[in-house]
Protein chains: 2
Amino acid sequence: MAEPKTNELMEKIASLCKRRGFIFQSSEIYGGINGFWDYGPLGAELKRNVKELWWRSMTQERGDVVGLEATIIMHPKIWEASGHTSTFSDPMVDCLLTKKRFRALVKQGRADELDFDSLEMHVVGKIDSARKVLEPFAVLLQPGKPPESARRTATQFYHQRGLAGVQLLGERSDKVENSRRYNPENGAQLTEPRQFNLMFKTYVGPVESEENVAYLRPETAQAIFAQFKNVLETSRQKVPFGICQIGKAFRNEINPRNFTFRSREFEQMELEFFIRPDEAVEAICGKVASAAEVSNIEHRTSDAQPSTINHQPQPDWGWEAWHKYWVEERIRWYESIGLPRSTLVEYWQKPEELAHYARATVDILFKFPFSKRDDQGELTGEELEGIAARSDFDLSQHQRFSGKAMGVFDEELKVAWAKLDEATKKVLGQRYQEARFKYLTKSGVAAEQAAQDAKADADGLAKGQYIPHVIEPSAGVDRLILALICHAYSEDQAPDEKGKLETRVVMRFHPRVAPIKVAIFPLLKNRPELVRKAGEVRELLRPHMTVFYDEVGAIGRRYRRQDEAGTPFGVTIDFDTLGEKGPELKDTVTLRDRDSMKQERVRIGDLLPLLLEKVR
Amino acid sequence: MAEPKTNELMEKIASLCKRRGFIFQSSEIYGGINGFWDYGPLGAELKRNVKELWWRSMTQERGDVVGLEATIIMHPKIWEASGHTSTFSDPMVDCLLTKKRFRALVKQGRADELDFDSLEMHVVGKIDSARKVLEPFAVLLQPGKPPESARRTATQFYHQRGLAGVQLLGERSDKVENSRRYNPENGAQLTEPRQFNLMFKTYVGPVESEENVAYLRPETAQAIFAQFKNVLETSRQKVPFGICQIGKAFRNEINPRNFTFRSREFEQMELEFFIRPDEAVEAICGKVASAAEVSNIEHRTSDAQPSTINHQPQPDWGWEAWHKYWVEERIRWYESIGLPRSTLVEYWQKPEELAHYARATVDILFKFPFSKRDDQGELTGEELEGIAARSDFDLSQHQRFSGKAMGVFDEELKVAWAKLDEATKKVLGQRYQEARFKYLTKSGVAAEQAAQDAKADADGLAKGQYIPHVIEPSAGVDRLILALICHAYSEDQAPDEKGKLETRVVMRFHPRVAPIKVAIFPLLKNRPELVRKAGEVRELLRPHMTVFYDEVGAIGRRYRRQDEAGTPFGVTIDFDTLGEKGPELKDTVTLRDRDSMKQERVRIGDLLPLLLEKVR
């Protein structure tokens, strides 16, 4: 069940991931299970660090986002409201001979197994045997094969249907190009495309009946919407504010591929940031900030140094400003964990690509080694995160499907509205009413009812009530881990034990995300004073960061192993540390930098603050 | 779908959990889903803290355990090897009338729906209608009801089977006691018990065929065994060492109950600590430490102060010493997060309770408010964690089912073995061989083959090869969270705004696990100097801990809200802080202790180190 390797670099990276314990195939001793990957000791730490940094940046470091941890299995009605039950599906075709299933359509820019053309087609005509007339069955003749091979395939097909010993009654041939009606493996005809839902299904409770069907969540976002009112009522937050969640999600992908990039089980980090509708912002502030007015948040800094410019949210921000703000926030965060802007692509979806309820969506892409190249030979990138302005679609859907009010009361809006002149009230009310009418009719509510409901919603707005709009930055953890690993992987030249240059593999992780922060080496393991001192240094650092202690083998080899693990710092305890070369070097150690391989002499007493500053 | 409340205290606790955002019912707006619970903002932080402390205590703070993060869906063969496919099941019965399913057996000490007795039984005899003779159908007559009601139930039963308008051909009555053959809801007869597997089933890949069946893991442990060799080969660890994992697990419980205690989706923290078989220890060290020799690790300390006694593992520890060590380690850890020993019970399973491969198992119980009381009126407790000495069963099973060698090579053993005298070699070899033979025959290997394999295993031991034994401390996160919440919940008397005593609800979480570490209050929100200063204090503390800023309402009410959230410290910025009562109090704040409600004056400059010391 090995992945097809897209290129040599990805092969090297996957090999290092296995060799160093970053990523293993799930259930490897049983031959693996396609689309599932485990994180080994280093991978698990890397992933924990990334998730912790995301969570802290969302919650602890700001006052307007709180966390949630919801279950993977939820009430199935949630997926009706979100649309996943009806539309989260891929069109699939089955081979009429082997029953093997394939994805039917090839989206542009996405490889697929069913992409072949210009082969000769051989049609076997109607069959009449044992008084049964069967439909024609078509076979695609493989290039260079005789027509008899297609006839054999057709005979096999009829035999399977209980028509042993039948004669083929007729046949005809045609040329086809770019057809996707045939199984590329045996040329047999495929069924018409049918929708196949990508949610994993199970049953909750002892009986496997329709009423007990439940799904593994295909995204973490919906739980946030479903619990919106509970969180609002218990967290002392007011719109604008956000709810974030990290957790597993599952999609029964037909073609898992590109190592861990497209997996069937994966983890998401999602934020739903709830904002006022623009009409409420305008009623309160008299205007809505234009994108140009918030252009200061676009300030770009060098890759190495995340921007520290203050770009505090303002009360007059509507969805456009908030959307832009979150795009910028998220890119800065990627920079802060070691993915420079130059490795990312900020892709604004075109109007025709947007979901009907979305106002705008930006995809943040990372240039993976397996990404396609554009006409200029540049890597185009694959999606790490999507940041969508989703209007009030999600909460509105849950309100309709649950029958529970999902709106908020906004005292500020009520007060401000009362002071508006009549003309402004009318303009804002009408604009809000039109937007609600559009949502309702698009969601299948009959026009008359929709008009009535939209009017009621507009009346509500005038009293300070509305359903919040939402900006959704939604990131895939496993994709990000793979991006960090791909970006970190590098080879350079370093001298071996005998001073001869050899290729060094080094994982240049940002110290913040590196699985191990510092490795501690006594120069020789058979010198108790060195070992004891190294143990002391370990105990000094261990409460504050992950340390790795290694006393086995030549020091150069120990450095190389930590280079491959991505450990940014190495501390060596040698005879100088013991004061054997004089008191001035006593209680100093060698601090080695992974990237530059430079070594400096540092006092043990200075080690902790020095390292803490670099790894935080 | 509300839980039946076992007592008033649990009702109060569940109500607080909802009110303050610790725990919500999953999918509440859709009526909930039985056995699934979400963690709100405070609950999510509490849970994160607990998991982080466990992970750090296992990995970062010691050198001999590494982490793993495996998938929830794994190859189904894993569950054959572990025995879950064949034996992880409950006997179930169906109502012949309504098809409703019940758990059939009542384990001692465990309530069940099917527990009733001493009712009169009414049997309706054989039926002959439309030339069909049906088996007799029995009905339990409800006390006080006329026999006609049982006849109606029986008629209904036959009607469902297409026998409309039939006459009951015979009947007979009997007395029954303690019977579990009848549906307590309608008296109808139940089917014979059938095994119902508790694993959630799904299909991976597009076709719902037998070969695509997969399960949601019912425990995290098996992934550790399946990846044992990969981790061993990449982590530079040697036996004894451990692999730990935190993650979701799923069990399709028939009767989820006691709030979050028995849920269908839950999280586990599991360690598999791999050790040498006793025969290898004896070969290397000349002896195996007896339980008495390691009694120093039993040293008990006061509840408040976790022991700091050094009890370093020794090379001569066999499974008994390691098991005892881990029991003690785990209890100390519970103490360190605020569960005193007095709230826990260390329950040693009796020989007849042990699984056949287990040498010993200790359950750590917590005395929940819903726990049963013993004869002395003491709460008996419910399991938080099980610490099992599982011999070499698990790795042996995976070796047999995968055909992949799961053993290790131990250089030290090989060297030591060569130096043993022949008599010792023989004794140790035979003992090992017998243990292996016992495992193999118990696992269904034919005696002749088992004898041959056990001999080969003993030959391997002499060359330094063996399958490691394992000690497994396995804890439930959600149960622990519930224990922490139950233990933290308390009520006392405190003066309200007007000095009148009122009941105060306070969550006395240990500062290490408290969701919010410190709340920051400007005395008045309409004084910009106070608000600005409070903002500065917030920025000072925020990078280092979770803070909550609150400027709304009377200060006493703000304190009360944080008491309910379990926030251990409150910092108030008042006019003294601004220096209005003289320069000596300038830049000092009030630090309020949640538990004692005592307030002290602290310099802002001293705040961070003072708080850090208490919350770490």
# chains A, B, ... in the order shown; residues from 1 in each chain; ligands from 1

call {"tool": "closest_atom_pairs", "arguments": {"of": "chain A", "to": "chain B", "cutoff": "6 Å", "atoms": "only C-alpha atoms", "output": "CSV"}}
result
residue,atom,partner,partner_atom,distance
A:Arg20,CA,B:Thr234,CA,5.2
A:Gly21,CA,B:Thr234,CA,5.3
A:Ser27,CA,B:His75,CA,5.6
A:Ile29,CA,B:Ser402,CA,6.0
A:Tyr30,CA,B:Ser402,CA,5.6
A:Ile33,CA,B:His75,CA,5.7
A:Asp38,CA,B:Ala70,CA,4.2
A:Tyr39,CA,B:Glu69,CA,4.9
A:Gly40,CA,B:Leu68,CA,5.0
A:Pro41,CA,B:Gly67,CA,4.7
A:Ala44,CA,B:Glu69,CA,5.5
A:Gln60,CA,B:Thr546,CA,5.3
A:Val66,CA,B:Pro41,CA,5.6
A:Gly67,CA,B:Pro41,CA,4.7
A:Leu68,CA,B:Gly40,CA,5.0
A:Glu69,CA,B:Tyr39,CA,4.9
A:Ala70,CA,B:Asp38,CA,4.2
A:Thr71,CA,B:Asp38,CA,5.9
A:Met74,CA,B:Ser27,CA,6.0
A:His75,CA,B:Ser27,CA,5.7
A:Lys201,CA,B:Thr202,CA,5.8
A:Thr202,CA,B:Thr202,CA,5.2
A:Thr234,CA,B:Arg20,CA,5.2
A:Ser402,CA,B:Tyr30,CA,5.6
A:Thr546,CA,B:Gln60,CA,5.3

call {"tool": "residues_around", "arguments": {"residues": "range 381-397 of chain B", "least_positions_apart": "3", "cutoff": "7 Å", "atoms": "only C-alpha atoms", "output": "PyMOL selection string"}}
result
chain B and resi 81-82+225+319+323+327+345+357-368+371+400-401+406+467-476+479-480

call {"tool": "write_last_selection", "arguments": {"atoms": "C-alpha atoms", "output": "PDB file, in the first residue's frame"}}
result
ATOM      1  CA  ALA B  81      -4.804 -10.026  17.513  1.00  0.00           C
ATOM      2  CA  SER B  82      -5.953  -8.082  20.570  1.00  0.00           C
ATOM      3  CA  PHE B 225       2.101  -2.604  20.310  1.00  0.00           C
ATOM      4  CA  TRP B 319       7.600  -7.224  36.729  1.00  0.00           C
ATOM      5  CA  HIS B 323       4.267  -2.786  38.549  1.00  0.00           C
ATOM      6  CA  VAL B 327       1.132   2.195  40.744  1.00  0.00           C
ATOM      7  CA  VAL B 345      -8.782   3.753  46.365  1.00  0.00           C
ATOM      8  CA  TYR B 357      -2.454 -13.309  30.672  1.00  0.00           C
ATOM      9  CA  ALA B 358      -2.382 -10.677  33.436  1.00  0.00           C
ATOM     10  CA  ARG B 359      -0.030 -11.169  36.379  1.00  0.00           C
ATOM     11  CA  ALA B 360      -1.601  -8.400  38.477  1.00  0.00           C
ATOM     12  CA  THR B 361      -3.861  -5.426  37.980  1.00  0.00           C
ATOM     13  CA  VAL B 362      -4.413  -2.456  40.252  1.00  0.00           C
ATOM     14  CA  ASP B 363      -7.375  -0.180  39.680  1.00  0.00           C
ATOM     15  CA  ILE B 364      -7.108   3.358  40.937  1.00  0.00           C
ATOM     16  CA  LEU B 365     -10.611   4.387  41.934  1.00  0.00           C
ATOM     17  CA  PHE B 366     -11.968   7.807  42.728  1.00  0.00           C
ATOM     18  CA  LYS B 367     -14.815   8.238  45.182  1.00  0.00           C
ATOM     19  CA  PHE B 368     -17.460   9.890  42.994  1.00  0.00           C
ATOM     20  CA  SER B 371     -20.311   5.725  43.705  1.00  0.00           C
ATOM     21  CA  ARG B 400       1.490 -14.480  15.782  1.00  0.00           C
ATOM     22  CA  PHE B 401      -1.129 -12.508  13.836  1.00  0.00           C
ATOM     23  CA  MET B 406       8.207  -8.490  17.782  1.00  0.00           C
ATOM     24  CA  ILE B 467       9.559 -10.602  23.643  1.00  0.00           C
ATOM     25  CA  PRO B 468       9.356  -7.802  26.208  1.00  0.00           C
ATOM     26  CA  HIS B 469       6.807  -7.934  28.998  1.00  0.00           C
ATOM     27  CA  VAL B 470       4.707  -4.892  29.617  1.00  0.00           C
ATOM     28  CA  ILE B 471       3.276  -2.819  32.454  1.00  0.00           C
ATOM     29  CA  GLU B 472       0.282  -0.794  31.295  1.00  0.00           C
ATOM     30  CA  PRO B 473      -0.970   2.239  33.213  1.00  0.00           C
ATOM     31  CA  SER B 474      -4.141   3.137  31.312  1.00  0.00           C
ATOM     32  CA  ALA B 475      -6.145   6.183  32.372  1.00  0.00           C
ATOM     33  CA  GLY B 476      -9.401   7.707  31.177  1.00  0.00           C
ATOM     34  CA  ARG B 479     -13.284  10.314  34.016  1.00  0.00           C
ATOM     35  CA  LEU B 480     -10.376  12.177  35.504  1.00  0.00           C
TER      36      LEU B 480
END

call {"tool": "closest_residue", "arguments": {"among": "B:Asp576, B:Glu270, B:Asp563, B:Asp593", "to": "Leu523 in chain B", "atoms": "only C-alpha atoms"}}
result
B:Asp576

call {"tool": "residues_around", "arguments": {"residues": "Gln433 in chain A", "least_positions_apart": "6", "cutoff": "12 Å", "atoms": "only C-alpha atoms", "output": "list in words"}}
result
Pro277, Glu279, Lys425, Lys426, Val427, Tyr439, Leu440, Ala450, Ala451, Gln452, Asp453, Ala454, Lys455, Ala456, Asp457, Ala458, Asp459, Gly460, Leu461, Ala462 and Tyr466 of chain A

call {"tool": "atom_distance", "arguments": {"atom1": "CA of Glu267 in chain A", "atom2": "CA of Ala221 in chain B"}}
result
20.0 Å

call {"tool": "select_by_dssp", "arguments": {"residues": "range 470-539 of chain B", "states": "strand (DSSP E)", "output": "list in words"}}
result
Val470, Ile471, Glu472, Pro473, Ser474, Ala475, Gly476, Tyr489, Ser490, Glu491, Asp492, Gln493, Ala494, Pro495, Leu501, Glu502, Thr503, Arg504, Val505, Val506, Met507, Val518, Ala519, Ile520, Phe521 and Pro522 of chain B

call {"tool": "atom_distance", "arguments": {"atom1": "CA of Arg558 in chain B", "atom2": "CA of Arg504 in chain B"}}
result
12.5 Å

call {"tool": "select_by_dssp", "arguments": {"residues": "range 462-569 of chain A", "states": "alpha helix (DSSP H)", "output": "VMD selection string"}}
result
chain A and resid 462 477 to 488 528 to 541 555 to 565

call {"tool": "write_last_selection", "arguments": {"atoms": "C-alpha atoms", "output": "short mmCIF file (atom, residue, chain, number, x, y, z; two decimals), in the first residue's frame"}}
result
data_model
loop_
_atom_site.label_atom_id
_atom_site.label_comp_id
_atom_site.auth_asym_id
_atom_site.auth_seq_id
_atom_site.Cartn_x
_atom_site.Cartn_y
_atom_site.Cartn_z
CA ALA A 462 -33.88 47.30 14.21
CA VAL A 477 -2.56 20.07 10.84
CA ASP A 478 -1.10 17.10 8.98
CA ARG A 479 -0.57 19.14 5.82
CA LEU A 480 1.19 21.77 7.85
CA ILE A 481 3.41 19.15 9.50
CA LEU A 482 4.31 17.84 6.06
CA ALA A 483 5.03 21.39 4.88
CA LEU A 484 7.28 22.00 7.90
CA ILE A 485 9.10 18.72 7.25
CA CYS A 486 9.52 19.45 3.52
CA HIS A 487 10.74 22.96 4.23
CA ALA A 488 13.08 21.82 6.99
CA PRO A 528 31.93 9.29 35.31
CA GLU A 529 32.68 13.00 35.94
CA LEU A 530 31.56 13.87 32.41
CA VAL A 531 28.46 11.69 32.68
CA ARG A 532 27.54 13.13 36.07
CA LYS A 533 27.97 16.71 34.88
CA ALA A 534 25.93 15.99 31.76
CA GLY A 535 23.20 14.57 33.99
CA GLU A 536 23.18 17.81 35.96
CA VAL A 537 22.79 19.89 32.82
CA ARG A 538 19.95 17.61 31.73
CA GLU A 539 18.15 18.10 35.05
CA LEU A 540 18.67 21.84 34.77
CA LEU A 541 17.02 22.10 31.36
CA ILE A 555 30.49 12.93 19.09
CA GLY A 556 30.29 13.71 15.38
CA ARG A 557 27.87 10.86 14.81
CA ARG A 558 25.78 12.06 17.72
CA TYR A 559 25.61 15.53 16.18
CA ARG A 560 24.52 14.04 12.83
CA ARG A 561 21.69 12.11 14.43
CA GLN A 562 20.38 15.28 16.06
CA ASP A 563 20.74 17.15 12.77
CA GLU A 564 18.38 14.62 11.23
CA ALA A 565 16.01 14.96 14.17
#

call {"tool": "atom_distance", "arguments": {"atom1": "CA of Thr503 in chain B", "atom2": "CA of Met10 in chain B"}}
result
17.5 Å

call {"tool": "closest_residue", "arguments": {"among": "B:Gln349, B:Thr424, B:Arg512, B:Val602", "to": "Glu335 in chain B", "atoms": "only C-alpha atoms"}}
result
B:Arg512

call {"tool": "closest_residue", "arguments": {"among": "B:Ile573, B:Val50, B:Val513, B:Val589", "to": "Arg527 in chain B", "atoms": "only C-alpha atoms"}}
result
B:Ile573
